[in-house]
Amino acid sequence: MPAEPRPVLALAGGVGGAKLALGLSRVLPPDDLVIMVNTGDDEEFHGLHVSPDLDTVMYTLSGLADPERGWGLSDETFQALKMLSAYGVPTWFNLGDRDMATHLRRTQLLREGQSLSNVTAELCGRLGIAHTVAPMTDDRVRTIVETSEGDLSFQDYFVRRRCEPQATAVRFEGAADAQPSPTFDEALDNARAIIFCPSNPFLSIDPILAVGDVRESVIRFEGPRVVVSPIVGGAAIRGPAAKMMRELGHPVSSLGVARKYVGLCDHFIIDNADASESTSIEALGMKAHVTNTIMNTTDDKETLARYVLRLLYEEDR
């Protein structure tokens, strides 16, 4: 019998993670890629289960994502939200009309007793996504940002407060008792490599690593492990990563990110702008690689994906 395929496991969250996931999906066949997505920022709005990172990856891979924002759907309208506002309902979390259909269907299937993994597979299949996209866990994990103004759920901090309060710590409620989703569990056992997409290390990657014994599994993983830095030239391409690093006492640099991945990473990819940090990164016990990591176009995404995969192929020799 032919050997079972050993896919690449990509850990992703946010727009940066979705961009590299798209690049990988365009150069790897479906059986060769599993995309594991953060669900620590899942929340309920207007009675609906919203999975922002899953949706961003799903919309990006299906070609439906808004190219300007990087999240949500293109050509979106917000009439339902306007009507909710007329009823006096807080509408600080933007849900477009077509996007809301996703949350309606997800919530319906979850209430019928299906797992988030099965629901995600159903939604992806309906949108024509051939590659495997799965949640990090089917259990409830909640990212809480501890701030100078008290504890805030991720969406409160990120969307309602626009990351304004000073962050003092981040914790993941429920993560220690959660189990990796079945797809995640299988991928950790069978994958030939792990790729950490250029996602916020505190808000997108740390929740994934916090689930059950995932961190220990990644530490023990015998294949190559590659990180793409989300910091370029001392700044985040998108989102609050740089602000959080500064407030939590980390240097805002690729080196600062690399220090979070000690023991979890064999190869660390940085942008050309940060080439001078290579020696310091390698002193941490990982190989530094320099290339363009800014993904403005589809070609950029594919080119970076091919660069990452070449490192993996070289490691396999």
# chains A, B, ... in the order shown; residues from 1 in each chain; ligands from 1
>>> residues_around(residues="region 106-111 of chain A", least_positions_apart="3", cutoff="6 Å", atoms="only C-alpha atoms", output="number ranges by chain")
A: 48-49, 103, 114
>>> write_last_selection(atoms="N, CA and C atoms", output="compact mmCIF listing (two decimals), in the first residue's frame")
# COMPACT_ATOMS: atom_id res chain seq x y z
N LEU A 48 -24.70 34.98 17.54
CA LEU A 48 -24.02 34.19 16.52
C LEU A 48 -22.58 33.89 16.92
N HIS A 49 -22.12 32.68 16.60
CA HIS A 49 -20.74 32.28 16.87
C HIS A 49 -19.86 32.80 15.74
N HIS A 103 -21.87 33.23 9.74
CA HIS A 103 -22.05 33.05 11.19
C HIS A 103 -23.40 32.41 11.50
N GLN A 114 -22.87 19.65 15.99
CA GLN A 114 -21.65 19.39 15.24
C GLN A 114 -20.47 20.11 15.91
>>> select_by_dssp(residues="region 29-264 of chain A", states="strand (DSSP E or B)", output="VMD selection string")
chain A and resid 33 to 37 43 to 45 48 to 50 65 73 132 to 135 137 142 to 147 150 to 153 167 to 173 180 193 to 196 225 to 228 231 to 232 235 to 236
>>> residues_around(residues="Asp97 (chain A)", least_positions_apart="6", cutoff="12 Å", atoms="only C-alpha atoms", output="ChimeraX atom specification")
/A:72-84,103-104
>>> write_last_selection(atoms="N, CA and C atoms", output="mmCIF file, in the first residue's frame")
data_model
loop_
_atom_site.group_PDB
_atom_site.id
_atom_site.type_symbol
_atom_site.label_atom_id
_atom_site.label_comp_id
_atom_site.auth_asym_id
_atom_site.auth_seq_id
_atom_site.Cartn_x
_atom_site.Cartn_y
_atom_site.Cartn_z
ATOM 1 N N GLY A 72 -12.886 40.021 6.183
ATOM 2 C CA GLY A 72 -14.240 40.231 5.684
ATOM 3 C C GLY A 72 -14.326 39.924 4.199
ATOM 4 N N LEU A 73 -15.499 40.137 3.640
ATOM 5 C CA LEU A 73 -15.766 39.812 2.246
ATOM 6 C C LEU A 73 -15.702 41.047 1.351
ATOM 7 N N SER A 74 -15.311 40.843 0.118
ATOM 8 C CA SER A 74 -15.284 41.959 -0.827
ATOM 9 C C SER A 74 -16.708 42.359 -1.195
ATOM 10 N N ASP A 75 -16.863 43.607 -1.596
ATOM 11 C CA ASP A 75 -18.167 44.136 -2.017
ATOM 12 C C ASP A 75 -19.237 43.905 -0.945
ATOM 13 N N GLU A 76 -18.838 44.081 0.301
ATOM 14 C CA GLU A 76 -19.742 43.835 1.420
ATOM 15 C C GLU A 76 -20.658 45.029 1.660
ATOM 16 N N THR A 77 -21.822 44.746 2.203
ATOM 17 C CA THR A 77 -22.757 45.789 2.647
ATOM 18 C C THR A 77 -23.056 45.550 4.125
ATOM 19 N N PHE A 78 -23.617 46.565 4.776
ATOM 20 C CA PHE A 78 -23.810 46.483 6.230
ATOM 21 C C PHE A 78 -25.218 46.927 6.623
ATOM 22 N N GLN A 79 -26.199 46.533 5.839
ATOM 23 C CA GLN A 79 -27.575 46.953 6.104
ATOM 24 C C GLN A 79 -28.131 46.313 7.372
ATOM 25 N N ALA A 80 -27.824 45.043 7.613
ATOM 26 C CA ALA A 80 -28.326 44.384 8.824
ATOM 27 C C ALA A 80 -27.770 45.062 10.063
ATOM 28 N N LEU A 81 -26.504 45.454 10.015
ATOM 29 C CA LEU A 81 -25.884 46.124 11.150
ATOM 30 C C LEU A 81 -26.556 47.478 11.395
ATOM 31 N N LYS A 82 -26.883 48.184 10.321
ATOM 32 C CA LYS A 82 -27.569 49.467 10.464
ATOM 33 C C LYS A 82 -28.930 49.285 11.125
ATOM 34 N N MET A 83 -29.627 48.216 10.762
ATOM 35 C CA MET A 83 -30.942 47.967 11.359
ATOM 36 C C MET A 83 -30.796 47.596 12.827
ATOM 37 N N LEU A 84 -29.783 46.812 13.160
ATOM 38 C CA LEU A 84 -29.530 46.491 14.567
ATOM 39 C C LEU A 84 -29.241 47.751 15.365
ATOM 40 N N HIS A 103 -21.867 33.234 9.742
ATOM 41 C CA HIS A 103 -22.053 33.049 11.185
ATOM 42 C C HIS A 103 -23.404 32.411 11.503
ATOM 43 N N LEU A 104 -24.417 32.743 10.712
ATOM 44 C CA LEU A 104 -25.721 32.099 10.886
ATOM 45 C C LEU A 104 -25.606 30.594 10.651
#
>>> closest_residue(among="A:Asp138, A:Gly256, A:Ala235, A:Phe184", to="Gly113 (chain A)", atoms="only C-alpha atoms")
A:Asp138
>>> select_by_dssp(residues="region 93-212 of chain A", states="helix (DSSP H, G or I)", output="PyMOL selection string")
chain A and resi 97-111+116-126+154-160+182-190+201-210
>>> closest_residue(among="A:Thr297, A:Thr183, A:Thr91, A:Ser204", to="Leu33 (chain A)", atoms="only C-alpha atoms")
A:Thr183
